[in-house]
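Asks: Dropping in start27.cif, with mmCIF, C-alpha atoms and all ligand atoms.
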```
data_entry
#
loop_
_atom_site.label_atom_id
_atom_site.label_comp_id
_atom_site.auth_asym_id
_atom_site.auth_seq_id
_atom_site.Cartn_x
_atom_site.Cartn_y
_atom_site.Cartn_z
CA MET Y 1 -14.12 10.64 75.14
CA TYR Y 2 -12.35 10.99 71.77
CA CYS Y 3 -11.02 7.87 70.05
CA VAL Y 4 -8.46 8.98 67.49
CA ARG Y 5 -5.41 7.38 65.83
CA ASN Y 6 -2.53 9.00 64.05
CA VAL Y 7 -2.19 7.88 60.46
CA THR Y 8 0.91 10.05 60.16
CA GLU Y 9 2.18 12.81 62.43
CA THR Y 10 -0.32 15.29 61.01
CA VAL Y 11 -3.04 13.09 59.54
CA TYR Y 12 -5.55 11.58 61.94
CA TRP Y 13 -8.12 8.82 61.67
CA VAL Y 14 -11.26 10.28 63.25
CA GLY Y 15 -13.79 7.62 62.23
CA SER Y 16 -15.65 5.09 64.29
CA SER Y 17 -17.14 1.60 64.16
CA ASP Y 18 -20.71 0.36 64.38
CA ARG Y 19 -21.29 -3.07 65.95
CA ARG Y 20 -25.05 -2.65 66.28
CA LEU Y 21 -26.05 -2.53 62.63
CA ALA Y 22 -27.25 -5.97 61.48
CA LEU Y 23 -27.50 -5.29 57.75
CA PHE Y 24 -25.26 -2.93 55.77
CA GLU Y 25 -27.42 -1.04 53.26
CA ASN Y 26 -30.23 -2.89 55.08
CA LEU Y 27 -29.17 -5.80 52.89
CA PHE Y 28 -25.83 -7.39 53.76
CA PRO Y 29 -25.32 -9.17 57.11
CA ILE Y 30 -22.35 -7.72 58.98
CA PRO Y 31 -21.84 -9.89 62.08
CA ARG Y 32 -18.40 -8.31 62.53
CA GLY Y 33 -19.81 -4.77 62.26
CA VAL Y 34 -18.37 -2.07 60.04
CA SER Y 35 -16.11 0.95 60.42
CA TYR Y 36 -16.74 4.34 58.89
CA ASN Y 37 -13.38 5.96 58.30
CA SER Y 38 -12.75 9.67 58.13
CA TYR Y 39 -9.38 11.42 58.11
CA LEU Y 40 -8.39 14.87 59.28
CA ILE Y 41 -5.31 16.62 57.86
CA GLN Y 42 -3.73 19.24 60.12
CA ASP Y 43 -1.82 21.94 58.25
CA GLU Y 44 -2.04 25.71 57.69
CA LYS Y 45 -5.48 24.77 56.43
CA THR Y 46 -7.32 21.80 57.90
CA ALA Y 47 -9.15 19.31 55.73
CA LEU Y 48 -11.51 16.51 56.67
CA MET Y 49 -11.77 13.62 54.23
CA ASP Y 50 -15.45 12.58 54.19
CA THR Y 51 -17.76 12.26 57.19
CA VAL Y 52 -19.37 9.11 58.64
CA ASP Y 53 -22.71 7.37 59.09
CA SER Y 54 -25.17 9.08 61.43
CA SER Y 55 -24.99 6.08 63.82
CA VAL Y 56 -21.50 7.11 64.98
CA SER Y 57 -22.00 10.87 64.85
CA GLN Y 58 -21.28 11.60 68.51
CA GLN Y 59 -17.92 9.81 68.51
CA PHE Y 60 -16.99 11.40 65.19
CA LEU Y 61 -17.74 14.96 66.31
CA GLU Y 62 -15.77 14.44 69.53
CA ASN Y 63 -12.84 13.11 67.52
CA ILE Y 64 -12.79 16.13 65.22
CA ALA Y 65 -13.10 18.59 68.09
CA HIS Y 66 -10.18 16.88 69.83
CA VAL Y 67 -7.86 17.06 66.81
CA LEU Y 68 -8.80 20.66 65.96
CA GLU Y 69 -8.20 21.80 69.58
CA GLY Y 70 -10.57 24.71 69.08
CA GLY Y 71 -9.15 25.56 65.66
CA SER Y 72 -11.19 25.89 62.52
CA LEU Y 73 -12.09 23.29 59.95
CA ASP Y 74 -11.38 24.80 56.55
CA TYR Y 75 -12.35 22.08 54.09
CA LEU Y 76 -14.60 19.05 54.00
CA VAL Y 77 -13.62 16.91 51.02
CA VAL Y 78 -16.56 14.76 49.94
CA ASN Y 79 -15.17 11.85 47.99
CA HIS Y 80 -18.37 9.82 48.15
CA MET Y 81 -22.02 10.76 48.68
CA GLU Y 82 -23.47 7.48 49.90
CA PRO Y 83 -25.04 8.35 53.26
CA ASP Y 84 -22.76 6.02 55.23
CA HIS Y 85 -20.08 8.66 54.58
CA CYS Y 86 -21.85 11.95 54.17
CA ALA Y 87 -24.49 11.99 56.90
CA LEU Y 88 -22.74 14.70 58.90
CA ILE Y 89 -22.29 17.32 56.18
CA GLY Y 90 -25.15 19.48 57.44
CA ARG Y 91 -23.98 19.29 61.05
CA LEU Y 92 -20.41 20.25 60.09
CA LEU Y 93 -21.68 23.20 58.03
CA GLU Y 94 -23.38 24.45 61.20
CA LEU Y 95 -20.48 23.74 63.55
CA TYR Y 96 -17.70 25.12 61.35
CA PRO Y 97 -19.01 28.25 59.62
CA GLN Y 98 -15.91 28.88 57.55
CA MET Y 99 -15.75 25.32 56.21
CA GLN Y 100 -15.94 24.88 52.45
CA VAL Y 101 -17.34 21.68 50.96
CA VAL Y 102 -15.01 20.33 48.28
CA GLY Y 103 -16.57 18.16 45.60
CA ASN Y 104 -17.30 17.84 41.92
CA THR Y 105 -20.47 18.94 40.15
CA LYS Y 106 -22.19 15.62 40.81
CA THR Y 107 -21.20 15.71 44.49
CA ILE Y 108 -22.79 19.09 45.05
CA GLN Y 109 -25.91 18.05 43.16
CA MET Y 110 -26.25 14.95 45.34
CA ILE Y 111 -25.80 16.94 48.55
CA GLN Y 112 -28.75 19.07 47.47
CA GLN Y 113 -30.79 15.98 46.59
CA PHE Y 114 -30.15 14.30 49.95
CA TYR Y 115 -30.17 17.32 52.27
CA ASP Y 116 -31.55 20.80 52.66
CA ALA Y 117 -28.14 22.27 53.55
CA ASP Y 118 -27.55 25.88 52.55
CA LEU Y 119 -24.44 25.64 50.39
CA GLU Y 120 -24.48 29.25 49.18
CA GLY Y 121 -20.83 30.40 49.16
CA ARG Y 122 -19.76 27.18 50.92
CA THR Y 123 -18.60 25.02 48.00
CA LEU Y 124 -15.32 24.56 46.17
CA LEU Y 125 -15.77 22.71 42.89
CA VAL Y 126 -12.98 20.44 41.72
CA LYS Y 127 -12.46 18.17 38.75
CA GLU Y 128 -9.97 15.54 37.61
CA GLY Y 129 -6.40 16.69 38.16
CA ASP Y 130 -7.25 19.74 40.28
CA THR Y 131 -5.19 20.35 43.39
CA LEU Y 132 -5.91 21.93 46.77
CA ALA Y 133 -2.95 23.29 48.75
CA LEU Y 134 -3.29 23.05 52.53
CA GLY Y 135 0.24 24.22 53.41
CA GLU Y 136 2.79 21.44 53.35
CA HIS Y 137 0.11 19.03 52.19
CA THR Y 138 -1.47 19.18 48.76
CA LEU Y 139 -4.48 17.19 47.68
CA HIS Y 140 -4.69 16.05 44.09
CA PHE Y 141 -8.11 14.89 42.93
CA VAL Y 142 -8.64 11.77 40.85
CA THR Y 143 -12.14 10.96 39.64
CA ALA Y 144 -13.32 7.37 40.11
CA PRO Y 145 -16.84 7.25 38.65
CA MET Y 146 -18.89 4.16 39.57
CA VAL Y 147 -16.43 3.01 42.21
CA HIS Y 148 -19.06 2.88 43.60
CA TRP Y 149 -21.34 5.78 42.59
CA PRO Y 150 -20.90 8.28 39.72
CA GLU Y 151 -19.62 11.18 41.83
CA VAL Y 152 -16.82 9.20 43.51
CA MET Y 153 -13.39 10.80 43.69
CA MET Y 154 -10.15 9.78 45.28
CA ALA Y 155 -7.71 12.29 46.70
CA TYR Y 156 -3.95 11.83 46.60
CA GLU Y 157 -1.95 13.71 49.21
CA GLU Y 158 1.34 14.47 47.53
CA LYS Y 159 3.66 15.09 50.52
CA GLU Y 160 2.95 11.91 52.46
CA LYS Y 161 1.78 9.94 49.41
CA LEU Y 162 -1.54 8.97 50.93
CA LEU Y 163 -4.33 7.86 48.62
CA PHE Y 164 -7.81 8.43 50.06
CA THR Y 165 -9.61 5.74 48.14
CA ALA Y 166 -13.32 6.17 49.04
CA ASP Y 167 -15.05 2.75 49.04
CA ALA Y 168 -12.19 1.08 47.15
CA PHE Y 169 -9.96 -1.12 49.32
CA GLY Y 170 -12.64 -1.07 52.03
CA THR Y 171 -14.07 -4.03 53.88
CA PHE Y 172 -16.88 -4.99 56.23
CA GLY Y 173 -15.75 -5.43 59.84
CA ALA Y 174 -15.48 -3.09 62.81
CA LEU Y 175 -12.00 -1.98 63.83
CA ASP Y 176 -10.88 -3.62 67.08
CA GLY Y 177 -8.48 -0.89 68.13
CA ASN Y 178 -5.97 -1.82 65.48
CA LEU Y 179 -6.09 0.51 62.50
CA PHE Y 180 -3.37 -0.64 60.11
CA ASN Y 181 -3.27 -3.75 57.97
CA ASP Y 182 0.03 -4.81 59.57
CA GLU Y 183 -1.56 -4.68 63.02
CA VAL Y 184 -4.06 -7.42 62.11
CA ASP Y 185 -3.95 -10.82 60.42
CA PHE Y 186 -5.72 -9.53 57.33
CA GLU Y 187 -5.55 -12.64 55.20
CA THR Y 188 -7.04 -14.87 57.89
CA GLU Y 189 -9.41 -12.52 59.69
CA TRP Y 190 -10.37 -9.90 57.11
CA LEU Y 191 -10.00 -11.20 53.56
CA PRO Y 192 -13.36 -13.06 53.41
CA ASP Y 193 -15.20 -9.89 54.46
CA ALA Y 194 -13.06 -7.74 52.14
CA ARG Y 195 -13.94 -10.03 49.26
CA ARG Y 196 -17.62 -10.06 50.23
CA TYR Y 197 -17.59 -6.27 50.49
CA TYR Y 198 -15.88 -5.75 47.12
CA THR Y 199 -17.85 -8.32 45.16
CA ASN Y 200 -21.27 -7.29 46.44
CA ILE Y 201 -20.78 -3.53 46.62
CA VAL Y 202 -18.47 -2.77 43.70
CA GLY Y 203 -18.40 -6.13 41.88
CA LYS Y 204 -20.56 -4.93 39.00
CA TYR Y 205 -18.11 -2.17 38.13
CA GLY Y 206 -14.96 -4.11 37.26
CA ALA Y 207 -14.18 -2.00 34.20
CA GLN Y 208 -14.34 1.21 36.23
CA VAL Y 209 -12.12 -0.30 38.95
CA GLN Y 210 -9.60 -1.25 36.27
CA THR Y 211 -9.57 2.37 35.06
CA VAL Y 212 -8.83 3.61 38.57
CA LEU Y 213 -6.15 0.97 39.15
CA LYS Y 214 -4.40 2.21 36.02
CA LYS Y 215 -4.52 5.78 37.33
CA ALA Y 216 -3.21 4.63 40.73
CA ALA Y 217 -0.35 2.76 39.06
CA GLY Y 218 1.06 6.16 38.05
CA LEU Y 219 1.23 7.33 41.68
CA GLU Y 220 3.79 6.58 44.34
CA ILE Y 221 1.57 5.46 47.22
CA SER Y 222 2.66 4.96 50.83
CA MET Y 223 -0.80 4.27 52.25
CA LEU Y 224 -4.26 3.38 51.02
CA CYS Y 225 -6.84 5.11 53.23
CA PRO Y 226 -10.26 3.59 52.54
CA LEU Y 227 -13.63 4.58 53.98
CA HIS Y 228 -14.13 1.17 55.64
CA GLY Y 229 -11.71 -1.17 57.41
CA PRO Y 230 -7.95 -1.09 57.95
CA VAL Y 231 -5.57 1.50 56.49
CA TRP Y 232 -2.95 -0.12 54.25
CA ARG Y 233 0.64 0.92 54.89
CA SER Y 234 2.55 -2.25 53.98
CA ASN Y 235 2.31 -4.95 51.35
CA LEU Y 236 0.01 -2.73 49.27
CA GLU Y 237 0.74 -4.80 46.17
CA TRP Y 238 -0.92 -7.86 47.71
CA PHE Y 239 -4.26 -6.09 48.18
CA ILE Y 240 -4.01 -4.18 44.90
CA ASN Y 241 -3.48 -7.54 43.17
CA LYS Y 242 -6.66 -8.86 44.78
CA TYR Y 243 -8.53 -5.86 43.41
CA ASP Y 244 -6.96 -6.37 40.01
CA LYS Y 245 -8.07 -10.00 39.96
CA TRP Y 246 -11.58 -9.33 41.26
CA SER Y 247 -12.15 -6.47 38.82
CA ARG Y 248 -10.98 -8.61 35.90
CA TYR Y 249 -13.40 -11.31 37.12
CA GLU Y 250 -10.53 -13.78 37.26
CA PRO Y 251 -10.91 -16.51 39.91
CA GLU Y 252 -8.52 -16.22 42.82
CA GLU Y 253 -8.19 -19.97 43.18
CA LYS Y 254 -8.65 -23.21 41.33
CA ALA Y 255 -11.52 -24.26 43.53
CA VAL Y 256 -15.00 -25.75 43.36
CA ALA Y 257 -17.95 -24.23 45.19
CA VAL Y 258 -20.95 -26.56 45.27
CA MET Y 259 -24.09 -24.51 45.88
CA TYR Y 260 -27.31 -26.41 46.33
CA GLY Y 261 -30.92 -25.67 47.12
CA SER Y 262 -32.81 -28.58 48.61
CA MET Y 263 -36.35 -28.91 49.96
CA TYR Y 264 -36.14 -32.34 51.61
CA GLY Y 265 -32.48 -33.25 51.39
CA ASN Y 266 -32.47 -35.12 48.08
CA THR Y 267 -30.79 -32.44 45.98
CA GLU Y 268 -28.47 -31.89 48.94
CA ASN Y 269 -27.57 -35.57 48.81
CA ALA Y 270 -26.73 -35.35 45.09
CA ALA Y 271 -24.58 -32.27 45.77
CA CYS Y 272 -22.75 -33.97 48.65
CA VAL Y 273 -22.14 -37.14 46.67
CA THR Y 274 -20.72 -35.01 43.87
CA ALA Y 275 -18.43 -33.16 46.29
CA SER Y 276 -17.26 -36.45 47.77
CA GLU Y 277 -16.54 -37.89 44.33
CA LEU Y 278 -14.64 -34.71 43.42
CA SER Y 279 -12.44 -35.29 46.44
CA LYS Y 280 -11.86 -38.90 45.38
CA ALA Y 281 -10.88 -37.54 41.98
CA GLY Y 282 -8.12 -35.52 43.62
CA ILE Y 283 -9.75 -32.11 44.04
CA ARG Y 284 -8.98 -30.65 47.46
CA ASN Y 285 -10.22 -27.07 47.24
CA ILE Y 286 -13.97 -27.73 47.59
CA LYS Y 287 -16.68 -25.94 49.57
CA VAL Y 288 -20.34 -26.97 49.81
CA TYR Y 289 -23.07 -24.41 50.53
CA ASP Y 290 -26.77 -24.74 51.31
CA ILE Y 291 -28.09 -21.66 49.51
CA SER Y 292 -31.11 -21.53 51.83
CA SER Y 293 -28.97 -21.01 54.91
CA THR Y 294 -26.06 -19.09 53.36
CA ASP Y 295 -26.52 -15.42 52.68
CA VAL Y 296 -26.37 -14.71 48.97
CA SER Y 297 -23.59 -12.17 49.57
CA GLU Y 298 -21.38 -15.05 50.78
CA LEU Y 299 -22.24 -17.06 47.69
CA ILE Y 300 -21.36 -14.13 45.42
CA ALA Y 301 -17.99 -13.76 47.14
CA GLU Y 302 -17.36 -17.46 46.59
CA ALA Y 303 -18.36 -17.18 42.94
CA PHE Y 304 -15.63 -14.55 42.58
CA ARG Y 305 -13.06 -16.66 44.49
CA CYS Y 306 -13.61 -20.03 42.82
CA SER Y 307 -12.83 -21.10 39.27
CA HIS Y 308 -15.59 -23.72 39.23
CA LEU Y 309 -19.15 -23.86 40.49
CA VAL Y 310 -21.60 -26.71 40.81
CA LEU Y 311 -25.18 -25.46 41.00
CA ALA Y 312 -27.85 -27.88 42.14
CA SER Y 313 -31.53 -26.98 42.19
CA PRO Y 314 -34.93 -28.58 42.50
CA THR Y 315 -37.60 -27.70 40.00
CA TYR Y 316 -40.16 -25.57 41.79
CA ASN Y 317 -43.60 -24.70 40.39
CA GLY Y 318 -42.19 -25.60 36.98
CA GLY Y 319 -39.42 -23.04 37.48
CA LEU Y 320 -36.29 -22.64 39.55
CA TYR Y 321 -36.10 -23.04 43.30
CA PRO Y 322 -36.51 -19.40 44.42
CA LYS Y 323 -33.19 -19.26 46.29
CA MET Y 324 -31.36 -20.48 43.18
CA GLU Y 325 -33.20 -17.97 41.03
CA ALA Y 326 -32.14 -15.21 43.43
CA LEU Y 327 -28.51 -16.39 43.37
CA LEU Y 328 -28.41 -16.46 39.57
CA ASN Y 329 -30.04 -13.03 39.38
CA ASP Y 330 -27.42 -11.64 41.77
CA MET Y 331 -24.59 -13.28 39.82
CA LYS Y 332 -25.79 -11.57 36.66
CA ALA Y 333 -26.34 -8.23 38.39
CA LEU Y 334 -22.81 -8.34 39.81
CA ASN Y 335 -21.29 -9.32 36.47
CA VAL Y 336 -19.96 -12.73 37.53
CA GLN Y 337 -18.33 -14.14 34.42
CA GLY Y 338 -15.78 -16.55 33.06
CA ARG Y 339 -16.57 -19.46 35.38
CA THR Y 340 -16.95 -23.16 34.56
CA VAL Y 341 -20.17 -24.60 35.93
CA GLY Y 342 -21.55 -28.09 36.45
CA LEU Y 343 -25.32 -28.45 36.87
CA ILE Y 344 -27.49 -30.80 38.89
CA GLU Y 345 -31.25 -30.62 38.43
CA ASN Y 346 -33.95 -32.36 40.36
CA GLY Y 347 -37.62 -32.81 39.49
CA THR Y 348 -40.15 -35.44 40.48
CA TRP Y 349 -42.36 -35.26 37.40
CA ALA Y 350 -40.97 -32.61 35.02
CA PRO Y 351 -37.35 -31.61 35.77
CA ALA Y 352 -36.74 -28.15 34.29
CA SER Y 353 -34.20 -26.53 36.59
CA GLY Y 354 -31.20 -27.63 34.52
CA LYS Y 355 -32.52 -25.92 31.42
CA LEU Y 356 -33.42 -22.82 33.43
CA MET Y 357 -30.04 -22.60 35.17
CA ARG Y 358 -28.32 -22.99 31.81
CA ALA Y 359 -30.43 -20.19 30.32
CA ALA Y 360 -29.54 -17.91 33.23
CA LEU Y 361 -25.83 -18.71 32.87
CA GLU Y 362 -26.01 -18.05 29.13
CA GLY Y 363 -27.14 -14.53 30.03
CA MET Y 364 -23.76 -13.97 31.73
CA LYS Y 365 -20.42 -13.46 29.99
CA ASN Y 366 -18.05 -16.31 29.11
CA MET Y 367 -19.66 -18.96 31.29
CA THR Y 368 -18.85 -22.56 30.36
CA VAL Y 369 -21.53 -25.10 31.25
CA LEU Y 370 -20.14 -28.61 31.50
CA GLU Y 371 -22.02 -31.50 29.90
CA PRO Y 372 -24.00 -33.45 30.74
CA VAL Y 373 -26.40 -31.94 33.27
CA LEU Y 374 -26.98 -34.46 36.05
CA THR Y 375 -30.72 -35.09 36.26
CA VAL Y 376 -32.11 -36.48 39.50
CA LYS Y 377 -35.68 -37.72 39.59
CA SER Y 378 -36.70 -37.20 43.22
CA SER Y 379 -33.61 -38.88 44.69
CA LEU Y 380 -30.23 -40.05 43.51
CA LYS Y 381 -29.99 -43.80 42.98
CA ALA Y 382 -26.86 -45.87 43.37
CA GLU Y 383 -26.76 -46.80 39.69
CA GLN Y 384 -26.86 -43.09 38.80
CA ALA Y 385 -24.00 -42.38 41.14
CA VAL Y 386 -21.72 -44.66 39.16
CA SER Y 387 -22.86 -43.35 35.80
CA SER Y 388 -24.16 -39.76 35.66
CA VAL Y 389 -22.38 -38.45 38.77
CA ASP Y 390 -19.18 -40.09 37.63
CA THR Y 391 -19.46 -38.44 34.23
CA LEU Y 392 -20.09 -34.99 35.71
CA VAL Y 393 -17.28 -35.40 38.25
CA LYS Y 394 -14.82 -36.48 35.53
CA GLU Y 395 -15.69 -33.36 33.53
CA ILE Y 396 -15.28 -31.04 36.50
CA ALA Y 397 -12.08 -32.68 37.72
CA ALA Y 398 -10.52 -32.59 34.26
CA SER Y 399 -11.35 -28.91 33.96
CA VAL Y 400 -10.03 -28.04 37.45
CA LEU Y 401 -6.84 -30.04 37.04
CA ALA Y 402 -6.15 -28.72 33.51
CA ASN Y 403 -3.10 -26.38 33.27
FE1 LIG Y 501 -19.35 2.96 51.93
FE2 LIG Y 501 -20.61 3.41 48.66
O1 LIG Y 501 -20.44 3.66 50.54
#
```
Spell out the structure here as C-alpha cells.
Replies:
Amino acid sequence: MYCVRNVTETVYWVGSSDRRLALFENLFPIPRGVSYNSYLIQDEKTALMDTVDSSVSQQFLENIAHVLEGGSLDYLVVNHMEPDHCALIGRLLELYPQMQVVGNTKTIQMIQQFYDADLEGRTLLVKEGDTLALGEHTLHFVTAPMVHWPEVMMAYEEKEKLLFTADAFGTFGALDGNLFNDEVDFETEWLPDARRYYTNIVGKYGAQVQTVLKKAAGLEISMLCPLHGPVWRSNLEWFINKYDKWSRYEPEEKAVAVMYGSMYGNTENAACVTASELSKAGIRNIKVYDISSTDVSELIAEAFRCSHLVLASPTYNGGLYPKMEALLNDMKALNVQGRTVGLIENGTWAPASGKLMRAALEGMKNMTVLEPVLTVKSSLKAEQAVSSVDTLVKEIAASVLAN
C-alpha cells in the first residue's frame, strides 16, 4: 500500500523511513531510525527529486506508481549521490524508459562509478544557475559542493518557493506519520538528533555551509525540503539560525560538558567532583558524560552545543586513554574549534594525558586551554579538592560567567 503525503497540491513526499538500521553509514547509532525523503513534482513534466536507500525500495516504488497513476516519469533530479539517496537510479531507469537523469558532471561521473547503469541518451547536464521548466513549476539549480559531497546540488522550485536542500537541514529519526516541522515538537524531540546529524555528517564543512546559506539568503523560501527528517514550512529562520551557528562553530549555549574516561572510577570521581563544584559556583548548564558508554557522535554534538568542555583522561600505556584519543581525533576531523577547555589528567606513576590532550587541542583552531591542568595521581584526595579542583573550577566558572 502506498504511503504518500502532499507537500503542496502538486508536490508529493514519496519517501519512507527505516527503523531496522542500527548504524547510519554503518557508524552512527540511530535508535530513532531515519527517513529517506524523496519528492515528486506533478506538472506537464514530472520530476522526482532524488531516490532513497535500497532498504525502503518497495515502499518508494509503490509511492511513485501511486502518484504517477500510470503516467510517465520525465526527470530524476539527483541532488546527492550518497547511496542512501541514489540506490534506486538503475531501477527507475528500467521502469521509466523516457526518464532523463538530471545532474552535474560530477553526479553523472559518480553514477557510473557506483553503478553499471546505461546512461546513453538518458542524462541532462546542469550547472549552477541552470533552470528546468516542468510546466508551471521551474527548477533552478544551486550547487552546494561539500554539503556533504562534492557533487551536491540544491534545487529551488520557483513557483511554490520550495528549496530541495539535499542533506542540509536533515536529521536522524524516522518519521512517525507527521511530515512537517509544525506537526512535531521539533525542539524537544528532534533537535538533539538534528544537531548530531549535522555535526557528525556535515560538521567538517562549515565554510561550505556558510557559502550555501548566503546563496539561500537571496531566495524567498516557503519550505525547506531535506533528504532526511521533517519538511520545514514554518519558523524557517529558527532552523536556519541553528545551521548558521553550527557552521560558524559558535556554541549554541553557555554550557559545560564534562567528558571523562575512567578505568576504575577514579577519574570519574574527579570529573564528578568538578561538576559538583561548578554547580556550587553558580553554573547550571552542565552535563557529564562517560566517554566509554556514550557514542562519540553524541559527544561531538555536545562539543558543538557547549561553550566549555572539561576533558578528563587516565594515562594509558604512556599515552591517552583510547576513548579520549578517539574523541579528540573526531573533534579535529569535524573541525571543532573555538571552545574553552579545562583538563583533568590521571596517572599512577607517570601522568601524561594532560600534556597529550593539550597537544591534541593545540592542533585544532582557536581552542583555549585553561590553566592549570588538574593532575590526579591514582585518586583525588580531599586536600586536592580544596586546592587544585577549586582553582580549575574558578577558572571555568569565571570564563562561563564572563559577558
Ligand atoms: Fe543522506 Fe550524504 O547522504
Asks: Hey, can you check how far CA of Gly135 (chain Y) sits from CA of Lys45 (chain Y)?
Replies: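 Between CA of Gly135 (chain Y) and CA of Lys45 (chain Y) the gap is 6.5 Å.
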Asks: All residues within 10 Å of ligand LIG 501 (chain Y) are required, counting only C-alpha atoms and all ligand atoms; please report them as a ChimeraX atom specification.
Replies: /Y:24-25,34-37,52-53,80-86,146-149,152,166-168,170-172,197,201-202,226-228
Asks: Using all atoms listed in the file, give me every residue within 6 Å of (-21.0, -35.8, 33.5) in file coordinates, as a PyMOL selection string.
Replies: chain Y and resi 371-372+388+391-392+395
Asks: Write out as a list of chain:residue names which residues come within 6 Å of Pro314 (chain Y) when counting all atoms listed in the file, dropping same-chain ones fewer than 2 positions away.
Replies: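 Those residues are Y:Tyr321, Y:Glu345, Y:Asn346, Y:Gly347.
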Asks: Determine, counting all atoms listed in the file, which protein, DNA and RNA residues have an atom within 12 Å of an atom of Asp330 (chain Y); residues of the same chain fewer than 2 positions away are not included. Present the result as a count of residues only.
Replies: 28
Asks: Residues within 12 Å of Tyr264 (chain Y), please, as a PyMOL selection string. Count all atoms listed in the file; anything in the same chain fewer than 5 positions from it doesn't count.
Replies: chain Y and resi 269-270+292+313-314+346+378-379
Asks: Using Å and a single decimal, report how far CA of Ile111 (chain Y) sits from CA of Gln98 (chain Y).
Replies: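 Pair CA of Gln98 (chain Y) / CA of Ile111 (chain Y) returns 17.9 Å.
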Asks: Nearest to Leu23 (chain Y): which of Y:Gln100, Y:Leu95, Y:Lys365, Y:Gly173 is it, counting all atoms listed in the file?
Replies: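 Closest candidate: Y:Gly173.
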Asks: Counting all atoms listed in the file, which of Y:Phe304, Y:Trp349, Y:Tyr12, Y:Tyr2 gets nearest to His66 (chain Y)?
Replies: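 Between Y:Phe304, Y:Trp349, Y:Tyr12, Y:Tyr2, the residue approaching His66 (chain Y) most closely is Y:Tyr2.
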Asks: Counting all atoms listed in the file, which of Y:Val341, Y:Cys3, Y:Val126, Y:Val400 gets nearest to Glu253 (chain Y)?
Replies: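 For Glu253 (chain Y), the nearest of the candidates is Y:Val400.
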Asks: Which neighbours of region 243-250 of chain Y fall inside 8 Å, counting only C-alpha atoms, when residues of the same chain fewer than 2 positions from it are skipped, and could you give them as JSON, numbers by chain?
Replies: {"Y": [169, 199, 203, 205, 206, 207, 209, 210, 213, 239, 240, 241, 252, 304, 307, 336, 337, 338]}
